[in-house]
Structures are given as structure tokens and as C-alpha cells.
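Chemist: The structure is given below, and queries will be raised subsequently.
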Amino acid sequence: MEKTAVQASREMVLPRDVVVSVRGLSIAYQAKRGWVRAVRNVSLDVKRGEALALIGESGSGKTTMGLGMVRLLPTNARVSEGKILYQPATKNGQIPPAIDVLELSTQDLRRFRWGECAMVFQAALNAFNPVLRISEQFGDTARAHGYLRGRALEERAKHLFELVRLESERVWRAYPHELSGGMRQRVLIALALLLEPQLLILDEPTTALDILTQRNIMDVLKELRSKLGFSMIFISHDLSLAAELADRVATMYAGSVVEISDVYTTFQNPHHPYTIGLIQAVPTLSTHKDQITSIPGSPPDLIQMPEGCKFHPRCPLADDRCRTEEPVLEDTGAADHKVACWHWKTARERLAQAARFAKQN
Amino acid sequence: MPVPILELKNVSRAFQVRRNTFIKAVDDVSLSIQEGEIVCLVGESGCGKTTTGRMMVGLLKPTAGKVLFRGQDVTQLTKEQHKEYRLAVQLVHQDPYASLNPSFTIYDTIAAPIQHHGFTNGEAATRKRVIELLEMVDLTPATDFLDKYPHQLSGGQRQRVSVARALTVNPSFIVADEAVSMVDVSIRISLLNTLLKLKEQMGLAVLFITHDLALAKYFAWEGRIGVMYLGRMVEMSPARYLVEHPQHPYTQALLSAIPEADPDVTRKKRHIDLRSMDLPGLLNLPSGCSFHPRCPLWLGEQCEQQVPQMVNYRDGSAVACHVVQQKREAERA
């Protein structure tokens with residue numbers, strides 16, 4: 001199938017293996033009390049075929065990042081600075097120039113969304129029109145993008161349903177309310193993949209689903225990725241989900257990425273005190289009760305943020321420098337591992353020592 | 001055995017959905033909770049765990065079976081005894097955004113039950129008690145919170161206020177229904193720790209309802225976990241034993257499906273495949289063991305026709321499954 005090329009707005013080519021490169025992105029919401037700085041100076045790359053997880057607590061800016069990347073922010077939001085560079089797929093051996101999503105015209109943006117980058121939203125029931133059959137919703141999307149119609153569309157959709165392990169005949173004719181939460185989530189994933197996008201953004205794809213359904217969605221996503229090879233950004237507060245699905249993990253706190261690394265490093269050798277704290281704060285089936293410790297305090301007010309490092313009021317290692325100067329992402333020397341902390345070199349060791357000391361007393 | 005503080009005896013609850021159509025949200029559940037004990041109820045949505053909790057606190061009447069408070073049927077209590085029951089058993093709701101009155105200050109919210117029951121004498125004593133309660137749930141300095149409204153607090157702080165309100169009447173048993181599911185991950189543990197501390201200090205018994213087995217294991221470390229499926233209790237064991245040695249095929253499937261926060265562990269984990277992904281509707285429950293259409297251990301006729309009963313085993317576990325029962329009997333022989 002021939003895809004309409006999104007118009008290039010800037011002559012620029014991203015490194016070969018990068019699909020999206022977010023550079024210095026800042027997004028704020030206007031509220032009565034002032035500007036809520038939801039995303040602050042975030043830079044990250046998503047590589048071809050890679051699954052990147054954005055983890056963090058609510059209010060850390062994860063969802064705003066996701067919405068910002070497809071320009072679906074509410075009207076009270078402003079992108080104050082930054083670029084979202086997207087590399088369209090190679091066509092006839094030619095590498096088209098990268099485009100800045102933030103500068104796309106309305107028409108190009110419509111082609112970009114869903115055709116190049118699709119998003120699966122958190123509340124799968126609200127994402128469908130309740131009075132239309134699933135077949136009609138697929139028809140609408142296909143028509144809006146000048147894609148297949150009639151039998152060809154039906155065949156393509158049913159093929160996708162089988163990929164996401166749904167009974168294709170039944171689902172094609174069903175209304176949204178006739179499907180369970182897990183089924184709707186899978187239909188939504190199938191719909192997102194309809195136009196063969198290069199990038200799929202999933203916002204809390206398994207939250208609010210039951211455990212066995214969650215497992216099913218995780219398995220479906222793994223399988224789809226190995227079969228279709230798209231890139232994936234998924235947003236979750238569930239660390240285990242990231243451990244299961246991601247290749248790389250970016251930890252967000254107060255609108256910034258505070259640590260980014262491959263998934264093994266994130267879980268086995270994290271350097272930022274927040275990442276370390278977050279992993280220790282989540283009980284899993286195999287952890288002993290005594291290994292769990294909570295992070296003191298609560299997340300910062302995004303309108304009146306603390307000076308310096310935004311995590312310092314909750315950090316046991318904070319000193320004068322942390323209270324006045326905000327650290328930026330810094331290479332740790334290990335491949336692709338970046339941390340924004342003044343004490344990253346010693347944080348892990350010092351926190352472990354403090355924990356041992358606390359236990360003895 | 002000492003008399004349990006609260007006991008459910010073969011309790012069922014049906015809801016009418018249409019004329020002549022009922023769904024059994026809870027079916028023949030028995031459960032006893034000792035003074036100072038922690039029990040977690042886990043299961044998927046729609047399995048009846050919330051309904052069970054609501055019957056325990058007396059917000060719903062069972063359609064069959066008995067609820068016993070300190071050994072006495074709650075429907076047969078005198079007025080005095082009934083008041084004692086309602087005070088002794090308190091509920092903490094799931095959603096701290098909906099369960100606090102937005103036009104009441106924190107002081108008003110907590111003082112209302114104290115004044116209503118006349119626990120204190122005069123304004124000053126009430127104020128002192130409110131401060132004491134706020135400190136008990138680790139909202140310090142308490143005086144900073146007195147004049148605040150719920151919207152000025154974070155989700156975790158609101159849930160602490162909810163707990164403080166439940167404590168106003170000196171309860172002996174608290175039912176916490178998904179009390180931390182709406183609270184941020186980094187705050188959850190400290191909220192649970194507050195509940196554990198109160199349990200230690202006041203000898204509270206707690207029924208904690210959750211869908212998160214890892215959280216249940218953490219909270220019920222010394223207590224028990226009960227697993228429910230489609231309105232029935234399928235397994236009940238000491239918490240760590242249940243997680244480490246699950247016996248019912250449903251519990252085994254649940255535990256095998258949960259991802260772990262370590263990529264090495266979680267990617268090597270073996271999953272148990274169910275025979276069917278679909279959860280049957282409560283309107284037409286399968287015959288016999290309601291898990292049989294999905295059960296990987298399913299034996300045929302017996303599972304399809306006979307409802308398995310909970311069997312207590314010597315290691316402290318109780319399981320409702322024909323296959324497990326046969327296996328255990330064979331081992332003993």
C-alpha cells in the first residue's frame with residue numbers, strides 16, 4: 001500500500017536508527033494559580049523497532065508527553081519550546097527528510113496522526129463511539145485517510161483481529177458495549193495498527209484491566225512487535241509492565257526525565273535516588289517484606305516547584321547544591337545510560353549504606 | 001478457638017437485575033476473622049470481594065447465610081448490641097475524592113462522629129481528640145490540617161483522613177476496600193505501613209480488599225489471603241504460603257500472570273495457559289466448579305457437575321477444587 005508522504009517542513013535527516021527525536025520539549029498548562037509546568041526540557045530518542053517505557057507517578061508529565069507527540073493537547077496547554085523530529089519511512093530507496101511534528105500544517109498533521117503515529121488511550125470504552133459497530137469505526141478511520149474500503153478493509157481488519165487474538169467475525173459486527181474491557185483494548189490496538197504506523201503510543205495500556213487480561217494484552221503486544229516491527233512508547237506507572245515489555249526505560253519526575261537507560265540497567269543498576277526509591281517502593285510477589293521502603297513526602301506542586309533538583313525535598317542525599325542547582329542529564333559512561341543527579345556516582349552505594357544503618361538501629 | 005470478631009457463615013448475596021433474573025454476586029462464602037488479624041481478599045473485578053466486605057460491615061444484607069459479630073447473629077442483636085456492632089466495624093472506601101464531604105473542613109469531618117456519639121465533653125476535648133487522631137494517621141503537624149478542605153489535600157492525605165475518620169469511634173475491625181488503589185505508587189507503602197502500625201497499637205483486625213496480589217502479600221505478611229472467583233472463595237491460606245505454594249489452578253494462573261519488577265525474572269516466568277480467556281458472565285454461571293471451562297487441570301464430569309467445597313488441610317490452607325482434593329488424598333494414603 002502506498003502511503004502519502006507527510007510534507008517535509010525542514011531538510012534534515014535523523015540518525016539511521018532513530019524514528020522520533022524529542023529535543024528540549026517543554027509543555028505547560030494554564031491554570032488559575034499560574035502555569036503548570038507538566039513537561040520541562042525533555043530530550044529523548046526512540047529507535048526503530050524499540051519499545052521505550054515512560055514511567056513515573058501521576059503528575060510526572062508522562063501523559064502530557066504522549067499527547068504532545070501527536071499534538072492532541074487540550075487548549076489550555078502551550079508548547080513553550082522544543083522540537084519533535086520524526087523520520088518518515090524510507091520510500092523507493094530514498095530517505096525522506098525528517099519533519100518537525102510541531103510545525104506541521106493542519107492537513108499534514110491529519111496524515112501524520114494514525115498514518116505515521118497512532119495512539120492507544122487509557123480508557124478503552126471512551127475511545128469508541130457507542131452507537132457505531134466496530135466495522136463502522138474501522139470504516140470511518142479508513143475513509144478519513146483514503147485507505148482501503150469494502151471487502152479489502154474487512155479482510156485487513158479481520159487479519160488484525162486475529163493478530164490480537166480476537167474472534168474476527170464476532171468483533172467485526174459488535175457494538176463496543178458488547179465487548180469486555182480487555183477485548184475493547186485489543187480492538188483499539190488493532191485499530192491503531194490499521195494504517196501501519198511506524199510508531200505506536202500506548203497510554204497505560206493495561207491499567208484498570210484484570211490480571212489475566214493484562215497478561216493477554218502484554219503477550220499480544222510482544223507478539224505484534226516481533227511480527228510487525230513498529231516502535232512503541234508506552235506510558236505506565238506500573239514498573240513490572242516496563243520490566244516485561246520495554247527495551248529502554250525513561251523515569252520521569254516533575255516533568256523531566258531524571259534517568260534513562262536500557263531496561264536491565266534501570267532495574268538492576270539504577271543510579272538516580274528517585275528510580276532507586278521507586279523500585280524499592282513497589283512490592284512484588286518475590287520480594288521480602290523488609291526490602292520494601294516507601295519514598296517519604298509527596299510529589300511537588302508543579303506550579304510552585306522547589307528550587308534546584310525537584311526531588312531534593314524527598315531525597316535522603318540532598319545537600320546545598322541539590323537545593324539550589326538543578327542537575328541535567330549526564331552520561332554515566334555506560335552505553336545509553338543518562339542520569340540527572342549530582343550524586344549519581346555514589347547514590348546507590350550511599351542509599352544502600354543508609355538502609356543497612358537504619359536496619360541495625 | 002477464640003470467638004472471631006466477625007464471621008460469615010455460608011453467606012450468599014443475589015442482586016435482581018431484571019424481573020425474575022438474579023445474579024449471585026457472592027455464593028456460599030464462609031470466612032472468619034479473629035481479633036487483631038489481617039485478611040486480604042483478592043480477585044478480579046466482579047468476583048464479589050466488595051459485596052463480601054459490604055456484608056461484613058452491615059451495609060448489605062445477605063440473601064442467605066449468617067453474619068456473626070462476636071458469635072452473635074447480627075440480625076438478632078438488641079438495639080444496644082447493634083450499635084456496638086456498627087461502631088466496632090468500620091469501612092474505609094476506595095475513592096478518597098468521593099468519600100469526603102467537600103464542604104466540610106478536615107476538623108468538621110473528623111469531629112462529626114465524635115460529637116454525634118458524645119465521645120468527648122466540650123469543644124476543647126473534641127479538638128484535642130481530632131488532633132490526636134490526625135497524628136495517629138501520620139498527618140503532622142496536625143494543626144496545619146484542621147482548617148483545610150479535602151480539595152487542598154493530595155490523594156494520599158485524603159485517604160489518611162478517611163482512615164482517621166474510621167478510627168473516631170474506636171473500632172476493632174476495619175474493612176479497607178481497595179484503599180490504596182487510587183494513591184500514587186510511592187505513597188502506597190507508607191499508607192499501608194500506617195495501617196499496620198495502627199493494627200499493632202490498637203489491636204485492630206483488618207479486612208483488606210485488593211486486586212493486587214503482591215500488595216496483599218506485603219500487607220497480610222503475618223495474616224491470610226483469600227482468593228475469590230465468580231462469587232466463591234476458591235482458596236484461603238496464610239499469605240506467604242499462598243503466594244509461594246498456590247494450590248487452586250485459578251490462583252496458580254493468577255500468580256503466573258503477574259509480571260515482576262525485574263526484567264530477568266519476569267521474562268523467564270512460566271505462564272499457565274487457561275483453556276479459555278473469557279470470564280463467564282454472572283448471569284449464566286457454568287455448572288459445577290465455575291472455573292471448569294477455563295481450568296487447565298479440568299477432569300471432566302466431576303468438575304462439570306459437582307460444586308467443589310472448601311476443604312481445610314493440615315498445613316493451614318483451604319482449597320475448593322476436586323483435583324487438589326484428589327491429589328492431597330492420594331498423598332496422604
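So you can find residues: chains in the C-alpha cells are A, B, ... in the order shown, residues in each start at 1, and ligands are numbered from 1 in order.
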Can you list, as a ChimeraX atom specification, every protein, DNA or RNA residue that comes within 12 Å of Phe145 (chain B) when you count only C-alpha atoms, leaving out same-chain residues fewer than 5 positions away?
Modeler: /B:105-110,130-131,133-135,138-140,150-154,157-158,160-161
Chemist: Given the selection you just returned, output its residues as a file containing C-alpha atoms, formatted as a PDB file, in the first residue's frame.
Modeler:
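Printed below is selection-v6.pdb as written:
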```pdb
ATOM      1  CA  THR B 105     -13.092  21.012  56.736  1.00  0.00           C
ATOM      2  CA  ILE B 106     -10.940  18.147  57.942  1.00  0.00           C
ATOM      3  CA  TYR B 107     -11.831  19.145  61.501  1.00  0.00           C
ATOM      4  CA  ASP B 108     -15.574  19.020  60.720  1.00  0.00           C
ATOM      5  CA  THR B 109     -15.232  15.645  59.036  1.00  0.00           C
ATOM      6  CA  ILE B 110     -13.473  14.025  61.951  1.00  0.00           C
ATOM      7  CA  VAL B 130      -9.160  15.260  66.431  1.00  0.00           C
ATOM      8  CA  ILE B 131      -5.515  16.294  66.650  1.00  0.00           C
ATOM      9  CA  LEU B 133      -6.386  11.069  65.522  1.00  0.00           C
ATOM     10  CA  LEU B 134      -4.646  13.040  62.773  1.00  0.00           C
ATOM     11  CA  GLU B 135      -1.316  12.324  64.405  1.00  0.00           C
ATOM     12  CA  ASP B 138       0.734  10.457  60.396  1.00  0.00           C
ATOM     13  CA  LEU B 139      -0.774  13.735  59.238  1.00  0.00           C
ATOM     14  CA  THR B 140       1.646  16.020  61.023  1.00  0.00           C
ATOM     15  CA  PRO B 150     -10.413  17.958  51.051  1.00  0.00           C
ATOM     16  CA  HIS B 151      -9.548  19.639  47.732  1.00  0.00           C
ATOM     17  CA  GLN B 152      -6.454  21.142  49.353  1.00  0.00           C
ATOM     18  CA  LEU B 153      -5.052  17.707  50.143  1.00  0.00           C
ATOM     19  CA  SER B 154      -3.381  15.112  47.956  1.00  0.00           C
ATOM     20  CA  GLN B 157      -3.530  12.670  52.567  1.00  0.00           C
ATOM     21  CA  ARG B 158      -7.258  12.366  51.933  1.00  0.00           C
ATOM     22  CA  ARG B 160      -5.364   9.201  55.699  1.00  0.00           C
ATOM     23  CA  VAL B 161      -8.235  11.472  56.712  1.00  0.00           C
TER      24      VAL B 161
END
```
Chemist: Which residues, written as a list in words, have at least one atom at most 12 Å from His159 (chain A), with only C-alpha atoms counted and residues fewer than 4 positions away on the same chain left out?
Modeler: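 The neighbour list is Ala152, Leu153, Glu154, Glu155, Leu163, Val164, Arg165, Leu166, Glu167, Ser168, Glu169, Val171, Trp172, Val187, Ala190, Leu191, Leu193 and Leu194 of chain A.
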Chemist: Once you count only C-alpha atoms, which residues of chain A turn out to be within 10 Å of chain B? Could you give them as a ChimeraX atom specification?
Modeler: /A:56-59,165,180,182-183,208-216,218,237-247,263-268,274,277-290,292-299
Chemist: As a PDB file with N, CA and C atoms, in the first residue's frame, please: every residue in region 83-299 of chain A that DSSP puts in strand (DSSP E or B).
Modeler:
```pdb
ATOM      1  N   LYS A  83      11.392  20.690  19.960  1.00  0.00           N
ATOM      2  CA  LYS A  83      11.086  20.117  18.648  1.00  0.00           C
ATOM      3  C   LYS A  83      10.716  18.656  18.842  1.00  0.00           C
ATOM      4  N   ILE A  84       9.847  18.162  17.962  1.00  0.00           N
ATOM      5  CA  ILE A  84       9.598  16.727  17.924  1.00  0.00           C
ATOM      6  C   ILE A  84       9.912  16.304  16.497  1.00  0.00           C
ATOM      7  N   LEU A  85      11.091  15.776  16.278  1.00  0.00           N
ATOM      8  CA  LEU A  85      11.505  15.419  14.926  1.00  0.00           C
ATOM      9  C   LEU A  85      11.113  13.983  14.633  1.00  0.00           C
ATOM     10  N   TYR A  86      10.487  13.797  13.485  1.00  0.00           N
ATOM     11  CA  TYR A  86      10.001  12.475  13.109  1.00  0.00           C
ATOM     12  C   TYR A  86      10.599  12.081  11.777  1.00  0.00           C
ATOM     13  N   LYS A  91      11.361   5.557   1.311  1.00  0.00           N
ATOM     14  CA  LYS A  91      10.475   5.260   0.176  1.00  0.00           C
ATOM     15  C   LYS A  91      11.288   5.127  -1.091  1.00  0.00           C
ATOM     16  N   GLN A  94      14.775   5.992  -1.091  1.00  0.00           N
ATOM     17  CA  GLN A  94      15.112   7.370  -0.739  1.00  0.00           C
ATOM     18  C   GLN A  94      14.776   7.626   0.731  1.00  0.00           C
ATOM     19  N   ILE A  99      10.744  15.473   9.741  1.00  0.00           N
ATOM     20  CA  ILE A  99       9.788  16.567   9.872  1.00  0.00           C
ATOM     21  C   ILE A  99       9.638  16.936  11.338  1.00  0.00           C
ATOM     22  N   ASP A 100       9.307  18.214  11.575  1.00  0.00           N
ATOM     23  CA  ASP A 100       9.035  18.628  12.952  1.00  0.00           C
ATOM     24  C   ASP A 100       7.530  18.591  13.152  1.00  0.00           C
ATOM     25  N   CYS A 117       1.805   7.801  13.210  1.00  0.00           N
ATOM     26  CA  CYS A 117       1.930   7.637  14.649  1.00  0.00           C
ATOM     27  C   CYS A 117       0.532   7.494  15.247  1.00  0.00           C
ATOM     28  N   ALA A 118       0.233   6.358  15.841  1.00  0.00           N
ATOM     29  CA  ALA A 118      -1.098   6.140  16.403  1.00  0.00           C
ATOM     30  C   ALA A 118      -1.010   6.068  17.912  1.00  0.00           C
ATOM     31  N   MET A 119      -2.120   6.380  18.541  1.00  0.00           N
ATOM     32  CA  MET A 119      -2.106   6.379  19.997  1.00  0.00           C
ATOM     33  C   MET A 119      -3.253   5.525  20.533  1.00  0.00           C
ATOM     34  N   VAL A 120      -2.955   4.732  21.539  1.00  0.00           N
ATOM     35  CA  VAL A 120      -3.981   3.941  22.214  1.00  0.00           C
ATOM     36  C   VAL A 120      -4.209   4.571  23.579  1.00  0.00           C
ATOM     37  N   LEU A 199       5.048   4.271  14.542  1.00  0.00           N
ATOM     38  CA  LEU A 199       5.178   4.497  15.978  1.00  0.00           C
ATOM     39  C   LEU A 199       3.816   4.352  16.646  1.00  0.00           C
ATOM     40  N   LEU A 200       3.794   3.621  17.746  1.00  0.00           N
ATOM     41  CA  LEU A 200       2.556   3.431  18.487  1.00  0.00           C
ATOM     42  C   LEU A 200       2.783   3.962  19.903  1.00  0.00           C
ATOM     43  N   ILE A 201       1.890   4.868  20.338  1.00  0.00           N
ATOM     44  CA  ILE A 201       1.994   5.375  21.707  1.00  0.00           C
ATOM     45  C   ILE A 201       0.857   4.763  22.514  1.00  0.00           C
ATOM     46  N   LEU A 202       1.192   4.120  23.616  1.00  0.00           N
ATOM     47  CA  LEU A 202       0.155   3.494  24.439  1.00  0.00           C
ATOM     48  C   LEU A 202       0.148   4.146  25.810  1.00  0.00           C
ATOM     49  N   ASP A 203      -0.995   4.698  26.198  1.00  0.00           N
ATOM     50  CA  ASP A 203      -1.097   5.359  27.496  1.00  0.00           C
ATOM     51  C   ASP A 203      -1.741   4.400  28.491  1.00  0.00           C
ATOM     52  N   SER A 231       7.766   0.812  16.296  1.00  0.00           N
ATOM     53  CA  SER A 231       8.331   1.313  17.548  1.00  0.00           C
ATOM     54  C   SER A 231       7.184   1.619  18.496  1.00  0.00           C
ATOM     55  N   MET A 232       7.496   1.627  19.774  1.00  0.00           N
ATOM     56  CA  MET A 232       6.427   1.757  20.746  1.00  0.00           C
ATOM     57  C   MET A 232       6.897   2.642  21.890  1.00  0.00           C
ATOM     58  N   ILE A 233       6.029   3.574  22.277  1.00  0.00           N
ATOM     59  CA  ILE A 233       6.291   4.306  23.522  1.00  0.00           C
ATOM     60  C   ILE A 233       5.149   3.929  24.423  1.00  0.00           C
ATOM     61  N   PHE A 234       5.420   3.400  25.576  1.00  0.00           N
ATOM     62  CA  PHE A 234       4.285   3.210  26.445  1.00  0.00           C
ATOM     63  C   PHE A 234       4.474   3.860  27.786  1.00  0.00           C
ATOM     64  N   ILE A 235       3.338   4.401  28.238  1.00  0.00           N
ATOM     65  CA  ILE A 235       3.322   5.240  29.404  1.00  0.00           C
ATOM     66  C   ILE A 235       2.694   4.420  30.505  1.00  0.00           C
ATOM     67  N   SER A 236       3.369   4.297  31.654  1.00  0.00           N
ATOM     68  CA  SER A 236       2.798   3.466  32.696  1.00  0.00           C
ATOM     69  C   SER A 236       3.351   3.841  34.053  1.00  0.00           C
ATOM     70  N   ARG A 248      13.997   0.045  26.603  1.00  0.00           N
ATOM     71  CA  ARG A 248      14.622   1.110  27.390  1.00  0.00           C
ATOM     72  C   ARG A 248      13.566   1.749  28.276  1.00  0.00           C
ATOM     73  N   VAL A 249      14.005   2.358  29.365  1.00  0.00           N
ATOM     74  CA  VAL A 249      13.077   2.973  30.307  1.00  0.00           C
ATOM     75  C   VAL A 249      13.529   4.392  30.614  1.00  0.00           C
ATOM     76  N   ALA A 250      12.593   5.336  30.527  1.00  0.00           N
ATOM     77  CA  ALA A 250      12.873   6.704  30.960  1.00  0.00           C
ATOM     78  C   ALA A 250      12.042   6.976  32.204  1.00  0.00           C
ATOM     79  N   THR A 251      12.695   7.356  33.290  1.00  0.00           N
ATOM     80  CA  THR A 251      11.977   7.666  34.522  1.00  0.00           C
ATOM     81  C   THR A 251      11.712   9.162  34.556  1.00  0.00           C
ATOM     82  N   MET A 252      10.443   9.533  34.748  1.00  0.00           N
ATOM     83  CA  MET A 252      10.113  10.962  34.789  1.00  0.00           C
ATOM     84  C   MET A 252       9.755  11.387  36.205  1.00  0.00           C
ATOM     85  N   TYR A 253      10.176  12.587  36.549  1.00  0.00           N
ATOM     86  CA  TYR A 253       9.801  13.159  37.844  1.00  0.00           C
ATOM     87  C   TYR A 253       9.607  14.654  37.660  1.00  0.00           C
ATOM     88  N   SER A 256      10.397  16.148  34.144  1.00  0.00           N
ATOM     89  CA  SER A 256      11.682  15.926  33.483  1.00  0.00           C
ATOM     90  C   SER A 256      12.053  14.452  33.499  1.00  0.00           C
ATOM     91  N   VAL A 257      12.879  14.082  32.520  1.00  0.00           N
ATOM     92  CA  VAL A 257      13.440  12.736  32.564  1.00  0.00           C
ATOM     93  C   VAL A 257      14.635  12.785  33.511  1.00  0.00           C
ATOM     94  N   VAL A 258      14.603  11.983  34.573  1.00  0.00           N
ATOM     95  CA  VAL A 258      15.706  12.017  35.535  1.00  0.00           C
ATOM     96  C   VAL A 258      16.682  10.875  35.319  1.00  0.00           C
ATOM     97  N   GLU A 259      16.240   9.845  34.611  1.00  0.00           N
ATOM     98  CA  GLU A 259      17.160   8.749  34.303  1.00  0.00           C
ATOM     99  C   GLU A 259      16.636   8.023  33.076  1.00  0.00           C
ATOM    100  N   ILE A 260      17.552   7.657  32.194  1.00  0.00           N
ATOM    101  CA  ILE A 260      17.144   6.867  31.034  1.00  0.00           C
ATOM    102  C   ILE A 260      18.238   5.841  30.740  1.00  0.00           C
ATOM    103  N   SER A 261      17.815   4.612  30.548  1.00  0.00           N
ATOM    104  CA  SER A 261      18.795   3.553  30.293  1.00  0.00           C
ATOM    105  C   SER A 261      18.090   2.338  29.727  1.00  0.00           C
ATOM    106  N   ASP A 262      18.854   1.297  29.398  1.00  0.00           N
ATOM    107  CA  ASP A 262      18.207   0.069  28.963  1.00  0.00           C
ATOM    108  C   ASP A 262      17.507  -0.551  30.158  1.00  0.00           C
TER     109      ASP A 262
END
```
Chemist: Which residue, A:Leu317, A:Val131, A:Ile27, A:Val79, has the smallest gap to Ala254 (chain A) when you use only C-alpha atoms?
Modeler: A:Ile27
Chemist: To one decimal place in Å, what is the distance between CA of Val74 (chain B) and CA of Val319 (chain B)?
Modeler: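 CA of Val319 (chain B) lies 27.6 Å from CA of Val74 (chain B).
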Chemist: List the neighbours of Glu301 (chain B) out to 12 Å using only C-alpha atoms; skip same-chain residues closer than 5 positions along the sequence, and give me the result as a list in words.
Modeler: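 Near neighbours after the sequence-gap exclusion: Ser287, Gly288, Cys289, His292, Pro293, Gln306, Val307, His322 and Val323 of chain B.
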Chemist: Give the alpha helix (DSSP H) residues of region 66-225 of chain B, as assigned by DSSP on the backbone, as a ChimeraX atom specification.
Modeler: /B:79-88,106-116,122-136,155-167,185-202,213-219
Chemist: What's around Arg143 (chain A) at 12 Å? Count only C-alpha atoms, leave out sequence neighbours fewer than 5 positions away in its own chain, and write the answer as a PDB file with N, CA and C atoms, in the first residue's frame.
Modeler:
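Dumped everything to part31.pdb:
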```pdb
ATOM      1  N   GLU A 136     -17.985  -0.120  11.493  1.00  0.00           N
ATOM      2  CA  GLU A 136     -18.171   1.262  11.040  1.00  0.00           C
ATOM      3  C   GLU A 136     -17.043   2.173  11.519  1.00  0.00           C
ATOM      4  N   GLN A 137     -16.558   1.896  12.727  1.00  0.00           N
ATOM      5  CA  GLN A 137     -15.468   2.719  13.248  1.00  0.00           C
ATOM      6  C   GLN A 137     -14.195   2.494  12.419  1.00  0.00           C
ATOM      7  N   PHE A 138     -13.969   1.252  12.009  1.00  0.00           N
ATOM      8  CA  PHE A 138     -12.826   0.978  11.140  1.00  0.00           C
ATOM      9  C   PHE A 138     -13.036   1.675   9.794  1.00  0.00           C
ATOM     10  N   LEU A 148      -8.050   1.538   2.407  1.00  0.00           N
ATOM     11  CA  LEU A 148      -8.905   0.508   1.818  1.00  0.00           C
ATOM     12  C   LEU A 148     -10.381   0.717   2.144  1.00  0.00           C
ATOM     13  N   ARG A 149     -11.254   0.101   1.361  1.00  0.00           N
ATOM     14  CA  ARG A 149     -12.672   0.134   1.668  1.00  0.00           C
ATOM     15  C   ARG A 149     -13.298  -1.228   1.354  1.00  0.00           C
ATOM     16  N   GLY A 150     -14.536  -1.374   1.737  1.00  0.00           N
ATOM     17  CA  GLY A 150     -15.282  -2.585   1.403  1.00  0.00           C
ATOM     18  C   GLY A 150     -14.636  -3.865   1.895  1.00  0.00           C
ATOM     19  N   LEU A 153     -11.003  -3.819   3.149  1.00  0.00           N
ATOM     20  CA  LEU A 153     -10.851  -3.291   4.502  1.00  0.00           C
ATOM     21  C   LEU A 153     -11.251  -4.343   5.530  1.00  0.00           C
ATOM     22  N   LEU A 194      -4.066  -0.180  12.014  1.00  0.00           N
ATOM     23  CA  LEU A 194      -4.730  -0.302  10.712  1.00  0.00           C
ATOM     24  C   LEU A 194      -3.905   0.295   9.576  1.00  0.00           C
ATOM     25  N   LEU A 195      -3.352   1.493   9.788  1.00  0.00           N
ATOM     26  CA  LEU A 195      -2.649   2.172   8.707  1.00  0.00           C
ATOM     27  C   LEU A 195      -1.140   1.919   8.742  1.00  0.00           C
TER      28      LEU A 195
END
```
Chemist: Would you pick out the contacts of Glu307 (chain A) at 10 Å or less, using only C-alpha atoms, so that residues sharing its chain but fewer than 6 positions from it are not included, and give the list as a list of chain:residue names?
Modeler: A:Pro313, A:Cys322, A:Arg323, A:Thr324, A:Glu325, A:Glu326
Chemist: Can I get the selection written as a compact mmCIF listing (two decimals), in the first residue's frame, with N, CA and C atoms?
Modeler:
```
# COMPACT_ATOMS: atom_id res chain seq x y z
N PRO A 313 13.48 17.69 48.13
CA PRO A 313 12.78 17.62 49.42
C PRO A 313 12.50 16.18 49.88
N CYS A 322 22.13 20.51 45.72
CA CYS A 322 20.85 19.97 45.24
C CYS A 322 19.73 20.96 45.47
N ARG A 323 19.84 21.74 46.55
CA ARG A 323 18.76 22.67 46.88
C ARG A 323 18.78 23.91 46.01
N THR A 324 19.89 24.19 45.35
CA THR A 324 19.98 25.43 44.58
C THR A 324 20.14 25.22 43.08
N GLU A 325 20.80 24.16 42.66
CA GLU A 325 21.12 23.98 41.25
C GLU A 325 20.45 22.73 40.72
N GLU A 326 19.74 22.84 39.60
CA GLU A 326 19.09 21.65 39.06
C GLU A 326 20.05 20.86 38.17
```
Chemist: Excluding Asn129 (chain A) and its own-chain neighbours fewer than 4 positions away, which residues fall within 10 Å of it when counting only C-alpha atoms? Please give them as a list in words.
Modeler: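 Close residues of Asn129 (chain A): Leu125, Arg133, Ile134, Glu136, Gln137, Tyr175, Pro176 and His177 of chain A.
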Chemist: One number please: CA of Pro273 (chain A) to CA of His312 (chain A), in Å, one decimal.
Modeler: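 Computing the Euclidean distance for CA of Pro273 (chain A) and CA of His312 (chain A) yields 9.7 Å.
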Chemist: Please determine, counting only C-alpha atoms, which residue among A:Ile303, A:Asn76, A:Leu351, A:Arg113 has the shortest atom-to-atom distance to Trp35 (chain A).
Modeler: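 Counting only C-alpha atoms, the residue closest to Trp35 (chain A) is A:Ile303.
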